[in-house]
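Here is the structure we will look at, set down as structure tokens.
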Amino acid sequence: MTRLKEEDIACIAWQLKEYDHELQKKTGHSLAEIAAHAVGLQTKAAHASLLGRIAVIPVTSGQGIISGFSRTVAGILDHLGVNTFVTAASDVGGFAEAIERGTETIFLADDDRFIAVNLKLRVYSDNSDSTGKGYAAALDYMTGGLKDKSVLVLGAGPVGRSAALSIIGFGGEVHIYDKSERASSTLSQLILDSSGRKIYVEHDLTRALEEHRRIIVACPEAGFITNNYLHADSYVAAPGVPLGIHPAALNTIWPRLIHDPLQLGVATMCYDLLNSIISEGGKER
Ligand code: PYL
């Protein structure tokens, strides 16, 4: 997983209204509606405030704190209507502070994993899994529906795997390309074993880019998708950081490109936990 840099996230928290407006223009839906769609929830039934108060805990392990990371995560959750704070202390002290302040849900990330934990239900949501779901849902909305449509997924890592499973859930046909053939075939076998659904392994990136108009870019390669692979009917959902679209091609694809370093993944983590709470609430009857 690429480690974000301070400059990747510096402007997010104060541009969320504009970002949400941009999502509405591109997909016809808000950040909350896309996140709810990603986990199969109707936004009317599920308001993020059901999560109660949320704490974001800075974590100093590994390469340490990314300046602005916790504040940005909190800003995204606030934008969704959740009462959120960043703990004054990091690590264990932050965890104790979260408990002392009665929070039920905690967001925290080290260099390997970013999770959101609901302490009451003892469930958690993983950022890579949620990011894949969120981007598949955004592509489903942006293209008017992926049912019976083929989608090229670039990258067979945790985000690409989650996106592939979601695309299948939306009725789409998945074509996977990874620079490691082994990674592609392993994912193909995993999906066949878990869902009985076949996905198609692409062996030639150039040919795959030429043939596909709906693309999920879930790999951390900068600028390899140039204008000659993008057409008036191309749609790209790109969770990968850095962005795989070549800078010279950005103007062309911009109205049909979804890309952010944190927003969709964090929003989908929030709705993923909400989904657990609502399902649990149903069981309590
Ligand atoms: C969660 C992001 C999405 C893409 N890459 C992931 C990343 O940068 N992970 C590292 C997050 C480190 C956070 C640091 C802090 O500020 O608490 N431990």
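Letters A, B, ... mark the chains of the structure tokens in the order given; residue numbers begin at 1 per chain; ligand numbers begin at 1, in order shown.
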Exercise. Do you know which residues are within 10 Å of ligand 1 using only C-alpha atoms and all ligand atoms? Can you write them as a ChimeraX atom specification?
Worked result: /A:1-6,8-9,56-73,90-91,107-115,126-128,131,220,239-242,260-263,265-266
Exercise. Contacts of Lys149 in chain A at 9 Å or less, counting only C-alpha atoms, minus same-chain residues fewer than 2 places along, as a list in words?
Worked result: Gly145, Leu146, Lys147, Val151, Gly171, Gly172, Glu173, Val174 and Arg214 of chain A
Can those selected residues be exported to a file as a PDB file, in the first residue's frame so that it contains N, CA and C atoms?
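Wrote it out as part_28.pdb, contents follow:
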ATOM      1  N   GLY A 145     -24.637   1.948 -14.425  1.00  0.00           N
ATOM      2  CA  GLY A 145     -24.848   0.548 -14.009  1.00  0.00           C
ATOM      3  C   GLY A 145     -23.868  -0.388 -14.698  1.00  0.00           C
ATOM      4  N   LEU A 146     -23.239  -1.272 -13.911  1.00  0.00           N
ATOM      5  CA  LEU A 146     -22.205  -2.181 -14.449  1.00  0.00           C
ATOM      6  C   LEU A 146     -22.793  -3.536 -14.842  1.00  0.00           C
ATOM      7  N   LYS A 147     -24.127  -3.718 -14.636  1.00  0.00           N
ATOM      8  CA  LYS A 147     -24.711  -5.042 -14.940  1.00  0.00           C
ATOM      9  C   LYS A 147     -24.452  -5.410 -16.403  1.00  0.00           C
ATOM     10  N   VAL A 151     -15.494  -4.772 -17.050  1.00  0.00           N
ATOM     11  CA  VAL A 151     -14.679  -3.760 -16.349  1.00  0.00           C
ATOM     12  C   VAL A 151     -13.253  -4.291 -16.241  1.00  0.00           C
ATOM     13  N   GLY A 171     -23.116  -7.205 -10.956  1.00  0.00           N
ATOM     14  CA  GLY A 171     -23.499  -7.922 -12.185  1.00  0.00           C
ATOM     15  C   GLY A 171     -22.548  -7.714 -13.333  1.00  0.00           C
ATOM     16  N   GLY A 172     -21.373  -7.144 -13.036  1.00  0.00           N
ATOM     17  CA  GLY A 172     -20.406  -6.869 -14.108  1.00  0.00           C
ATOM     18  C   GLY A 172     -19.489  -8.047 -14.363  1.00  0.00           C
ATOM     19  N   GLU A 173     -18.736  -7.938 -15.485  1.00  0.00           N
ATOM     20  CA  GLU A 173     -17.765  -8.982 -15.848  1.00  0.00           C
ATOM     21  C   GLU A 173     -16.369  -8.404 -15.620  1.00  0.00           C
ATOM     22  N   VAL A 174     -15.564  -9.097 -14.816  1.00  0.00           N
ATOM     23  CA  VAL A 174     -14.251  -8.550 -14.416  1.00  0.00           C
ATOM     24  C   VAL A 174     -13.133  -9.100 -15.301  1.00  0.00           C
ATOM     25  N   ARG A 214     -14.342   0.821 -19.314  1.00  0.00           N
ATOM     26  CA  ARG A 214     -14.613   1.025 -17.876  1.00  0.00           C
ATOM     27  C   ARG A 214     -13.400   0.420 -17.150  1.00  0.00           C
TER      28      ARG A 214
END
For this session: as a PyMOL selection string, please: all residues of range 61-263 of chain A that backbone DSSP puts in strand (DSSP E).
Result: chain A and resi 84-86+105-109+114-118+123-126+150-154+173-177+200-201+214-217+235-237+257-258
Might you pull out every residue within 7 Å of Tyr229 in chain A, with only C-alpha atoms counted and same-chain residues fewer than 4 positions away left off, and present them as a PDB file with N, CA, C and O atoms, in the first residue's frame?
ATOM      1  N   LEU A 209      -5.962  -2.076 -22.257  1.00  0.00           N
ATOM      2  CA  LEU A 209      -6.346  -0.651 -22.215  1.00  0.00           C
ATOM      3  C   LEU A 209      -7.047  -0.231 -23.499  1.00  0.00           C
ATOM      4  O   LEU A 209      -7.953   0.602 -23.482  1.00  0.00           O
ATOM      5  N   GLU A 210      -6.601  -0.839 -24.644  1.00  0.00           N
ATOM      6  CA  GLU A 210      -7.251  -0.493 -25.915  1.00  0.00           C
ATOM      7  C   GLU A 210      -8.696  -1.010 -25.973  1.00  0.00           C
ATOM      8  O   GLU A 210      -9.575  -0.379 -26.522  1.00  0.00           O
ATOM      9  N   ILE A 225      -1.397   5.756 -18.084  1.00  0.00           N
ATOM     10  CA  ILE A 225      -2.551   5.729 -19.005  1.00  0.00           C
ATOM     11  C   ILE A 225      -2.580   7.050 -19.778  1.00  0.00           C
ATOM     12  O   ILE A 225      -2.952   8.104 -19.248  1.00  0.00           O
TER      13      ILE A 225
END
Seminar exercise, completed: Pairwise distance, CA of Tyr141 in chain A with CA of Thr27 in chain A, equals 5.3 Å
Check the DSSP output for the backbone and give back, as a PDB file with N, CA, C and O atoms, in the first residue's frame, the residues of range 116-254 of chain A in alpha helix (DSSP H).
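File produced: out00.pdb:
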ATOM      1  N   ASN A 127      -9.659  -0.309   5.408  1.00  0.00           N
ATOM      2  CA  ASN A 127      -9.649   0.752   4.387  1.00  0.00           C
ATOM      3  C   ASN A 127      -9.460   0.205   2.982  1.00  0.00           C
ATOM      4  O   ASN A 127     -10.117   0.664   2.034  1.00  0.00           O
ATOM      5  N   SER A 128      -8.586  -0.795   2.795  1.00  0.00           N
ATOM      6  CA  SER A 128      -8.365  -1.313   1.435  1.00  0.00           C
ATOM      7  C   SER A 128      -9.635  -1.956   0.899  1.00  0.00           C
ATOM      8  O   SER A 128     -10.058  -1.701  -0.229  1.00  0.00           O
ATOM      9  N   ASP A 129     -10.277  -2.763   1.745  1.00  0.00           N
ATOM     10  CA  ASP A 129     -11.521  -3.422   1.345  1.00  0.00           C
ATOM     11  C   ASP A 129     -12.601  -2.391   1.026  1.00  0.00           C
ATOM     12  O   ASP A 129     -13.268  -2.443  -0.006  1.00  0.00           O
ATOM     13  N   SER A 130     -12.730  -1.391   1.914  1.00  0.00           N
ATOM     14  CA  SER A 130     -13.755  -0.366   1.704  1.00  0.00           C
ATOM     15  C   SER A 130     -13.450   0.508   0.488  1.00  0.00           C
ATOM     16  O   SER A 130     -14.340   0.888  -0.260  1.00  0.00           O
ATOM     17  N   THR A 131     -12.170   0.784   0.261  1.00  0.00           N
ATOM     18  CA  THR A 131     -11.808   1.609  -0.900  1.00  0.00           C
ATOM     19  C   THR A 131     -12.188   0.904  -2.190  1.00  0.00           C
ATOM     20  O   THR A 131     -12.778   1.505  -3.097  1.00  0.00           O
ATOM     21  N   GLY A 132     -11.906  -0.394  -2.283  1.00  0.00           N
ATOM     22  CA  GLY A 132     -12.295  -1.145  -3.484  1.00  0.00           C
ATOM     23  C   GLY A 132     -13.799  -1.099  -3.703  1.00  0.00           C
ATOM     24  O   GLY A 132     -14.270  -0.848  -4.812  1.00  0.00           O
ATOM     25  N   LYS A 133     -14.563  -1.291  -2.615  1.00  0.00           N
ATOM     26  CA  LYS A 133     -16.034  -1.262  -2.717  1.00  0.00           C
ATOM     27  C   LYS A 133     -16.517   0.141  -3.131  1.00  0.00           C
ATOM     28  O   LYS A 133     -17.393   0.289  -3.983  1.00  0.00           O
ATOM     29  N   GLY A 134     -15.922   1.161  -2.507  1.00  0.00           N
ATOM     30  CA  GLY A 134     -16.365   2.531  -2.782  1.00  0.00           C
ATOM     31  C   GLY A 134     -16.128   2.931  -4.229  1.00  0.00           C
ATOM     32  O   GLY A 134     -16.987   3.557  -4.871  1.00  0.00           O
ATOM     33  N   TYR A 135     -14.974   2.539  -4.773  1.00  0.00           N
ATOM     34  CA  TYR A 135     -14.673   2.901  -6.166  1.00  0.00           C
ATOM     35  C   TYR A 135     -15.519   2.115  -7.166  1.00  0.00           C
ATOM     36  O   TYR A 135     -15.931   2.640  -8.201  1.00  0.00           O
ATOM     37  N   ALA A 136     -15.818   0.853  -6.820  1.00  0.00           N
ATOM     38  CA  ALA A 136     -16.702   0.066  -7.702  1.00  0.00           C
ATOM     39  C   ALA A 136     -18.104   0.692  -7.709  1.00  0.00           C
ATOM     40  O   ALA A 136     -18.738   0.824  -8.763  1.00  0.00           O
ATOM     41  N   ALA A 137     -18.559   1.122  -6.533  1.00  0.00           N
ATOM     42  CA  ALA A 137     -19.889   1.749  -6.438  1.00  0.00           C
ATOM     43  C   ALA A 137     -19.925   3.071  -7.210  1.00  0.00           C
ATOM     44  O   ALA A 137     -20.907   3.365  -7.903  1.00  0.00           O
ATOM     45  N   ALA A 138     -18.847   3.844  -7.122  1.00  0.00           N
ATOM     46  CA  ALA A 138     -18.787   5.121  -7.855  1.00  0.00           C
ATOM     47  C   ALA A 138     -18.829   4.862  -9.363  1.00  0.00           C
ATOM     48  O   ALA A 138     -19.533   5.546 -10.114  1.00  0.00           O
ATOM     49  N   LEU A 139     -18.106   3.825  -9.813  1.00  0.00           N
ATOM     50  CA  LEU A 139     -18.108   3.490 -11.245  1.00  0.00           C
ATOM     51  C   LEU A 139     -19.485   2.991 -11.670  1.00  0.00           C
ATOM     52  O   LEU A 139     -19.975   3.337 -12.754  1.00  0.00           O
ATOM     53  N   ASP A 140     -20.138   2.230 -10.808  1.00  0.00           N
ATOM     54  CA  ASP A 140     -21.489   1.735 -11.117  1.00  0.00           C
ATOM     55  C   ASP A 140     -22.438   2.907 -11.337  1.00  0.00           C
ATOM     56  O   ASP A 140     -23.177   2.966 -12.310  1.00  0.00           O
ATOM     57  N   TYR A 141     -22.378   3.888 -10.421  1.00  0.00           N
ATOM     58  CA  TYR A 141     -23.238   5.078 -10.571  1.00  0.00           C
ATOM     59  C   TYR A 141     -22.827   5.914 -11.783  1.00  0.00           C
ATOM     60  O   TYR A 141     -23.645   6.367 -12.573  1.00  0.00           O
ATOM     61  N   MET A 142     -21.516   6.113 -11.940  1.00  0.00           N
ATOM     62  CA  MET A 142     -21.036   7.035 -12.988  1.00  0.00           C
ATOM     63  C   MET A 142     -21.385   6.510 -14.386  1.00  0.00           C
ATOM     64  O   MET A 142     -21.620   7.281 -15.315  1.00  0.00           O
ATOM     65  N   PRO A 158      -5.135  -5.923  -2.514  1.00  0.00           N
ATOM     66  CA  PRO A 158      -6.344  -5.871  -1.689  1.00  0.00           C
ATOM     67  C   PRO A 158      -7.426  -4.933  -2.223  1.00  0.00           C
ATOM     68  O   PRO A 158      -8.607  -5.277  -2.216  1.00  0.00           O
ATOM     69  N   VAL A 159      -7.054  -3.770  -2.764  1.00  0.00           N
ATOM     70  CA  VAL A 159      -8.069  -2.842  -3.287  1.00  0.00           C
ATOM     71  C   VAL A 159      -8.671  -3.401  -4.575  1.00  0.00           C
ATOM     72  O   VAL A 159      -9.898  -3.435  -4.746  1.00  0.00           O
ATOM     73  N   GLY A 160      -7.812  -3.892  -5.474  1.00  0.00           N
ATOM     74  CA  GLY A 160      -8.302  -4.458  -6.734  1.00  0.00           C
ATOM     75  C   GLY A 160      -9.178  -5.675  -6.495  1.00  0.00           C
ATOM     76  O   GLY A 160     -10.222  -5.846  -7.136  1.00  0.00           O
ATOM     77  N   ARG A 161      -8.785  -6.509  -5.535  1.00  0.00           N
ATOM     78  CA  ARG A 161      -9.573  -7.694  -5.209  1.00  0.00           C
ATOM     79  C   ARG A 161     -10.969  -7.294  -4.706  1.00  0.00           C
ATOM     80  O   ARG A 161     -11.988  -7.810  -5.166  1.00  0.00           O
ATOM     81  N   SER A 162     -11.001  -6.310  -3.806  1.00  0.00           N
ATOM     82  CA  SER A 162     -12.293  -5.858  -3.269  1.00  0.00           C
ATOM     83  C   SER A 162     -13.147  -5.238  -4.371  1.00  0.00           C
ATOM     84  O   SER A 162     -14.360  -5.503  -4.463  1.00  0.00           O
ATOM     85  N   ALA A 163     -12.522  -4.451  -5.234  1.00  0.00           N
ATOM     86  CA  ALA A 163     -13.276  -3.838  -6.344  1.00  0.00           C
ATOM     87  C   ALA A 163     -13.822  -4.924  -7.269  1.00  0.00           C
ATOM     88  O   ALA A 163     -14.990  -4.868  -7.693  1.00  0.00           O
ATOM     89  N   ALA A 164     -13.014  -5.935  -7.560  1.00  0.00           N
ATOM     90  CA  ALA A 164     -13.451  -7.022  -8.462  1.00  0.00           C
ATOM     91  C   ALA A 164     -14.674  -7.736  -7.887  1.00  0.00           C
ATOM     92  O   ALA A 164     -15.672  -7.965  -8.588  1.00  0.00           O
ATOM     93  N   LEU A 165     -14.633  -8.042  -6.607  1.00  0.00           N
ATOM     94  CA  LEU A 165     -15.784  -8.726  -5.973  1.00  0.00           C
ATOM     95  C   LEU A 165     -17.029  -7.842  -6.014  1.00  0.00           C
ATOM     96  O   LEU A 165     -18.138  -8.312  -6.269  1.00  0.00           O
ATOM     97  N   SER A 166     -16.842  -6.521  -5.803  1.00  0.00           N
ATOM     98  CA  SER A 166     -17.999  -5.614  -5.847  1.00  0.00           C
ATOM     99  C   SER A 166     -18.568  -5.514  -7.258  1.00  0.00           C
ATOM    100  O   SER A 166     -19.785  -5.478  -7.443  1.00  0.00           O
ATOM    101  N   ILE A 167     -17.698  -5.468  -8.243  1.00  0.00           N
ATOM    102  CA  ILE A 167     -18.158  -5.376  -9.644  1.00  0.00           C
ATOM    103  C   ILE A 167     -19.002  -6.607  -9.985  1.00  0.00           C
ATOM    104  O   ILE A 167     -20.064  -6.503 -10.602  1.00  0.00           O
ATOM    105  N   ILE A 168     -18.537  -7.761  -9.504  1.00  0.00           N
ATOM    106  CA  ILE A 168     -19.331  -8.996  -9.701  1.00  0.00           C
ATOM    107  C   ILE A 168     -20.675  -8.850  -9.002  1.00  0.00           C
ATOM    108  O   ILE A 168     -21.730  -9.206  -9.535  1.00  0.00           O
ATOM    109  N   GLY A 169     -20.637  -8.248  -7.813  1.00  0.00           N
ATOM    110  CA  GLY A 169     -21.889  -8.020  -7.066  1.00  0.00           C
ATOM    111  C   GLY A 169     -22.849  -7.112  -7.818  1.00  0.00           C
ATOM    112  O   GLY A 169     -24.071  -7.242  -7.723  1.00  0.00           O
ATOM    113  N   GLU A 181       1.633 -11.965 -13.248  1.00  0.00           N
ATOM    114  CA  GLU A 181       0.640 -12.931 -13.763  1.00  0.00           C
ATOM    115  C   GLU A 181       0.130 -13.820 -12.622  1.00  0.00           C
ATOM    116  O   GLU A 181      -1.046 -14.152 -12.534  1.00  0.00           O
ATOM    117  N   ARG A 182       1.028 -14.132 -11.711  1.00  0.00           N
ATOM    118  CA  ARG A 182       0.679 -15.016 -10.581  1.00  0.00           C
ATOM    119  C   ARG A 182      -0.401 -14.354  -9.722  1.00  0.00           C
ATOM    120  O   ARG A 182      -1.380 -14.982  -9.318  1.00  0.00           O
ATOM    121  N   ALA A 183      -0.240 -13.039  -9.498  1.00  0.00           N
ATOM    122  CA  ALA A 183      -1.236 -12.307  -8.680  1.00  0.00           C
ATOM    123  C   ALA A 183      -2.604 -12.329  -9.368  1.00  0.00           C
ATOM    124  O   ALA A 183      -3.634 -12.546  -8.719  1.00  0.00           O
ATOM    125  N   SER A 184      -2.590 -12.145 -10.686  1.00  0.00           N
ATOM    126  CA  SER A 184      -3.865 -12.168 -11.439  1.00  0.00           C
ATOM    127  C   SER A 184      -4.518 -13.534 -11.363  1.00  0.00           C
ATOM    128  O   SER A 184      -5.710 -13.657 -11.080  1.00  0.00           O
ATOM    129  N   SER A 185      -3.732 -14.583 -11.581  1.00  0.00           N
ATOM    130  CA  SER A 185      -4.339 -15.929 -11.595  1.00  0.00           C
ATOM    131  C   SER A 185      -4.774 -16.338 -10.182  1.00  0.00           C
ATOM    132  O   SER A 185      -5.820 -16.970 -10.008  1.00  0.00           O
ATOM    133  N   THR A 186      -4.020 -15.900  -9.168  1.00  0.00           N
ATOM    134  CA  THR A 186      -4.426 -16.220  -7.782  1.00  0.00           C
ATOM    135  C   THR A 186      -5.768 -15.561  -7.465  1.00  0.00           C
ATOM    136  O   THR A 186      -6.673 -16.179  -6.914  1.00  0.00           O
ATOM    137  N   LEU A 187      -5.912 -14.296  -7.885  1.00  0.00           N
ATOM    138  CA  LEU A 187      -7.182 -13.596  -7.634  1.00  0.00           C
ATOM    139  C   LEU A 187      -8.311 -14.258  -8.411  1.00  0.00           C
ATOM    140  O   LEU A 187      -9.409 -14.463  -7.892  1.00  0.00           O
ATOM    141  N   SER A 188      -8.018 -14.639  -9.639  1.00  0.00           N
ATOM    142  CA  SER A 188      -9.043 -15.283 -10.472  1.00  0.00           C
ATOM    143  C   SER A 188      -9.538 -16.570  -9.810  1.00  0.00           C
ATOM    144  O   SER A 188     -10.746 -16.817  -9.684  1.00  0.00           O
ATOM    145  N   GLN A 189      -8.591 -17.349  -9.291  1.00  0.00           N
ATOM    146  CA  GLN A 189      -8.957 -18.614  -8.632  1.00  0.00           C
ATOM    147  C   GLN A 189      -9.726 -18.346  -7.340  1.00  0.00           C
ATOM    148  O   GLN A 189     -10.740 -18.996  -7.041  1.00  0.00           O
ATOM    149  N   LEU A 190      -9.295 -17.328  -6.575  1.00  0.00           N
ATOM    150  CA  LEU A 190      -9.966 -16.984  -5.300  1.00  0.00           C
ATOM    151  C   LEU A 190     -11.429 -16.621  -5.552  1.00  0.00           C
ATOM    152  O   LEU A 190     -12.350 -17.074  -4.864  1.00  0.00           O
ATOM    153  N   ILE A 191     -11.655 -15.834  -6.607  1.00  0.00           N
ATOM    154  CA  ILE A 191     -13.024 -15.391  -6.912  1.00  0.00           C
ATOM    155  C   ILE A 191     -13.853 -16.558  -7.422  1.00  0.00           C
ATOM    156  O   ILE A 191     -15.018 -16.729  -7.046  1.00  0.00           O
ATOM    157  N   LEU A 192     -13.220 -17.428  -8.223  1.00  0.00           N
ATOM    158  CA  LEU A 192     -13.957 -18.606  -8.723  1.00  0.00           C
ATOM    159  C   LEU A 192     -14.359 -19.490  -7.544  1.00  0.00           C
ATOM    160  O   LEU A 192     -15.510 -19.907  -7.420  1.00  0.00           O
ATOM    161  N   ASP A 193     -13.412 -19.708  -6.615  1.00  0.00           N
ATOM    162  CA  ASP A 193     -13.692 -20.566  -5.443  1.00  0.00           C
ATOM    163  C   ASP A 193     -14.747 -19.928  -4.531  1.00  0.00           C
ATOM    164  O   ASP A 193     -15.610 -20.605  -3.990  1.00  0.00           O
ATOM    165  N   SER A 194     -14.677 -18.591  -4.363  1.00  0.00           N
ATOM    166  CA  SER A 194     -15.583 -17.962  -3.374  1.00  0.00           C
ATOM    167  C   SER A 194     -16.960 -17.655  -3.957  1.00  0.00           C
ATOM    168  O   SER A 194     -17.959 -17.663  -3.252  1.00  0.00           O
ATOM    169  N   SER A 195     -17.002 -17.341  -5.280  1.00  0.00           N
ATOM    170  CA  SER A 195     -18.315 -16.913  -5.811  1.00  0.00           C
ATOM    171  C   SER A 195     -18.783 -17.775  -6.981  1.00  0.00           C
ATOM    172  O   SER A 195     -19.883 -17.600  -7.482  1.00  0.00           O
ATOM    173  N   LEU A 205      -1.132  -5.511 -21.202  1.00  0.00           N
ATOM    174  CA  LEU A 205      -1.696  -4.250 -20.698  1.00  0.00           C
ATOM    175  C   LEU A 205      -2.145  -3.335 -21.836  1.00  0.00           C
ATOM    176  O   LEU A 205      -3.251  -2.789 -21.795  1.00  0.00           O
ATOM    177  N   THR A 206      -1.324  -3.215 -22.865  1.00  0.00           N
ATOM    178  CA  THR A 206      -1.680  -2.319 -23.982  1.00  0.00           C
ATOM    179  C   THR A 206      -2.996  -2.753 -24.619  1.00  0.00           C
ATOM    180  O   THR A 206      -3.910  -1.958 -24.796  1.00  0.00           O
ATOM    181  N   ARG A 207      -3.101  -4.051 -24.886  1.00  0.00           N
ATOM    182  CA  ARG A 207      -4.330  -4.559 -25.514  1.00  0.00           C
ATOM    183  C   ARG A 207      -5.533  -4.362 -24.584  1.00  0.00           C
ATOM    184  O   ARG A 207      -6.615  -3.928 -25.006  1.00  0.00           O
ATOM    185  N   ALA A 208      -5.327  -4.612 -23.301  1.00  0.00           N
ATOM    186  CA  ALA A 208      -6.436  -4.471 -22.331  1.00  0.00           C
ATOM    187  C   ALA A 208      -6.903  -3.020 -22.278  1.00  0.00           C
ATOM    188  O   ALA A 208      -8.109  -2.735 -22.319  1.00  0.00           O
ATOM    189  N   LEU A 209      -5.962  -2.076 -22.257  1.00  0.00           N
ATOM    190  CA  LEU A 209      -6.346  -0.651 -22.215  1.00  0.00           C
ATOM    191  C   LEU A 209      -7.047  -0.231 -23.499  1.00  0.00           C
ATOM    192  O   LEU A 209      -7.953   0.602 -23.482  1.00  0.00           O
ATOM    193  N   GLU A 210      -6.601  -0.839 -24.644  1.00  0.00           N
ATOM    194  CA  GLU A 210      -7.251  -0.493 -25.915  1.00  0.00           C
ATOM    195  C   GLU A 210      -8.696  -1.010 -25.973  1.00  0.00           C
ATOM    196  O   GLU A 210      -9.575  -0.379 -26.522  1.00  0.00           O
ATOM    197  N   GLU A 211      -8.920  -2.167 -25.333  1.00  0.00           N
ATOM    198  CA  GLU A 211     -10.225  -2.828 -25.464  1.00  0.00           C
ATOM    199  C   GLU A 211     -11.278  -2.372 -24.460  1.00  0.00           C
ATOM    200  O   GLU A 211     -12.468  -2.510 -24.689  1.00  0.00           O
ATOM    201  N   LEU A 250      -5.387  14.319 -18.438  1.00  0.00           N
ATOM    202  CA  LEU A 250      -6.348  14.631 -17.364  1.00  0.00           C
ATOM    203  C   LEU A 250      -7.541  15.451 -17.874  1.00  0.00           C
ATOM    204  O   LEU A 250      -8.692  15.169 -17.539  1.00  0.00           O
ATOM    205  N   ASN A 251      -7.251  16.445 -18.704  1.00  0.00           N
ATOM    206  CA  ASN A 251      -8.366  17.298 -19.180  1.00  0.00           C
ATOM    207  C   ASN A 251      -9.432  16.478 -19.890  1.00  0.00           C
ATOM    208  O   ASN A 251     -10.628  16.662 -19.682  1.00  0.00           O
ATOM    209  N   THR A 252      -8.974  15.550 -20.728  1.00  0.00           N
ATOM    210  CA  THR A 252      -9.921  14.736 -21.531  1.00  0.00           C
ATOM    211  C   THR A 252     -10.839  13.918 -20.645  1.00  0.00           C
ATOM    212  O   THR A 252     -12.042  13.915 -20.790  1.00  0.00           O
ATOM    213  N   ILE A 253     -10.213  13.227 -19.671  1.00  0.00           N
ATOM    214  CA  ILE A 253     -10.986  12.243 -18.899  1.00  0.00           C
ATOM    215  C   ILE A 253     -11.645  12.861 -17.670  1.00  0.00           C
ATOM    216  O   ILE A 253     -12.546  12.260 -17.070  1.00  0.00           O
TER     217      ILE A 253
END
Seminar exercise, completed: Shortest contact to Pro255 in chain A, candidates A:Lys26, A:Arg197, A:His231, A:Lys120, atoms counted only C-alpha atoms, goes to A:Lys26
Exercise. For His29 in chain A, which residue out of A:Gly144, A:Gly52, A:Gly94, A:Gly75 is the nearest one, using only C-alpha atoms?
Worked result: A:Gly144
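Going from CA of Glu280 in chain A over to CA of Leu121 in chain A, you cover 8.0 Å.
The nearest approach to His212 in chain A among the residues A:Val153, A:Ile99, A:Ala249, A:Ile258, with only C-alpha atoms taken into account, belongs to A:Val153.
Between CA of Ala98 in chain A and CA of Arg53 in chain A the interatomic distance comes to 9.5 Å.
Closest approach to Leu264 in chain A among A:Leu243, A:Val217, A:Ala238, A:Ile106 is made by A:Ala238 (distances from only C-alpha atoms).
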